[in-house]
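*Asks:* Before I ask anything, here is the structure I am working with.
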Amino acid sequence: MEKIMIGPMPYMSVLPTVLVGVNVDGKPNYMTAAWATVASMVPPMVCVAINKARYTAKGIDENGTFSLNVPSLKQVIPTDHCGLVSGKQEDKSGVFQSFYGKLKTAPLAEECPVNIECRLFQSVDCGSHILRIGEVVEIHVDKSCMTDGKPDITKVNPIIYAQLTYFSVGKPFAKAFSEGKKYRKE
Ligand SMILES: Cc1cc2nc3c(=O)[nH]c(=O)nc-3n(C[C@H](O)[C@H](O)[C@H](O)COP(=O)(O)O)c2cc1C
């Protein structure tokens, strides 16, 4: 396989699209984020890289809480809007209908099928972005998007982000933690 060096950049093949919900001055604000992932299994933690200049950063510092909301394909327009416009310039509190869960200061977007409530665990200053690690306090899932007590990806229909483009999830291809059992060293 011939390789070409493309230089250092914060590359990941595919990323999720989530909405980071915070209260700023007591008002909900939602910010689109793709640089989000899992940080720990026990205790359950997730993390998201947030630029220091974002209005969202102010909300996290104010309350020590935030939410990650998983939009489905049908929310692509308001989701992209929240990534184009800052709460500094425009009030985004009405883009989604907000409700509150166990953490009274982390707004959750009603229209998103999955809402993850997070208590800030640690902020790691990485440069332009601060990695915000949050302990998961509760997860709210739209009842119609559940199968066997868990969120079902085929029903949630999340938005995948890659190459300045939104993608939908494709067809299942192989079973994880299983396919590798067929491996035989040549
Ligand atoms: C698809 C997409 C993904 C984004 N991912 C991130 C991200 O992971 N971290 C970040 O700081 N900004 C990200 N942004 C940019 C912010 O969403 C954007 O600057 C937004 O206006 C900030 O809102 P706020 O100032 O109200 O917090 C993304 C934008 C889009 C459209």
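In the structure tokens, the first chain shown is A, the next is B, and so on; residue numbers restart at 1 for each chain, and ligands run from 1 in the order shown.
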Show me which residues sit within 6 Å of ligand 1 when counting only C-alpha atoms and all ligand atoms, and put them as a list of chain:residue names.
*Replies:*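 For ligand 1, the residues inside 6 Å are A:Met31, A:Thr32, A:Ala33, A:Ala34, A:Trp35, A:Ala49, A:Ile50, A:Asn51, A:Arg54, A:Tyr55, A:Thr56, A:Asp80, A:Cys82, A:Gly83, A:Leu84, A:Val85, A:Ser86, A:Gly87, A:Lys88.
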*Asks:* Sorted by chain and rising residue number, which residues of segment 62-136 of chain A lie within 9 Å of segment 144-156 of chain A, and what are their closest atom pairs and distances in Å to one decimal, counting only C-alpha atoms, as CSV?
*Replies:*
residue,atom,partner,partner_atom,distance
A:Val70,CA,A:Val156,CA,8.2
A:Pro71,CA,A:Val156,CA,8.0
A:Ser72,CA,A:Val156,CA,5.9
A:Leu73,CA,A:Val156,CA,8.6
A:Cys112,CA,A:Val156,CA,8.7
A:Pro113,CA,A:Val156,CA,6.1
A:Val114,CA,A:Val156,CA,7.7
*Asks:* Given the choices A:Lys143, A:Lys185, A:Arg119, A:Lys175, which gets closest to Asp61 of chain A if the distance is worked out from only C-alpha atoms?
*Replies:* A:Arg119
*Asks:* Report, in Å with one decimal, the straight-line distance from atom CA of Ala106 of chain A to atom CA of Met41 of chain A.
*Replies:*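 If I compute the distance from atom CA of Ala106 of chain A to atom CA of Met41 of chain A, I get 21.5 Å.
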*Asks:* Could you list, as number ranges by chain, every residue within 8 Å of Val136 of chain A, counting only C-alpha atoms and ignoring same-chain residues fewer than 2 positions away?
*Replies:* A: 44-46, 116-119, 134, 138-139
*Asks:* Tell me, which residues of segment 32-183 of chain A carry DSSP alpha helix (DSSP H), written as a PyMOL selection string?
*Replies:* chain A and resi 55-63+76-84+153-156
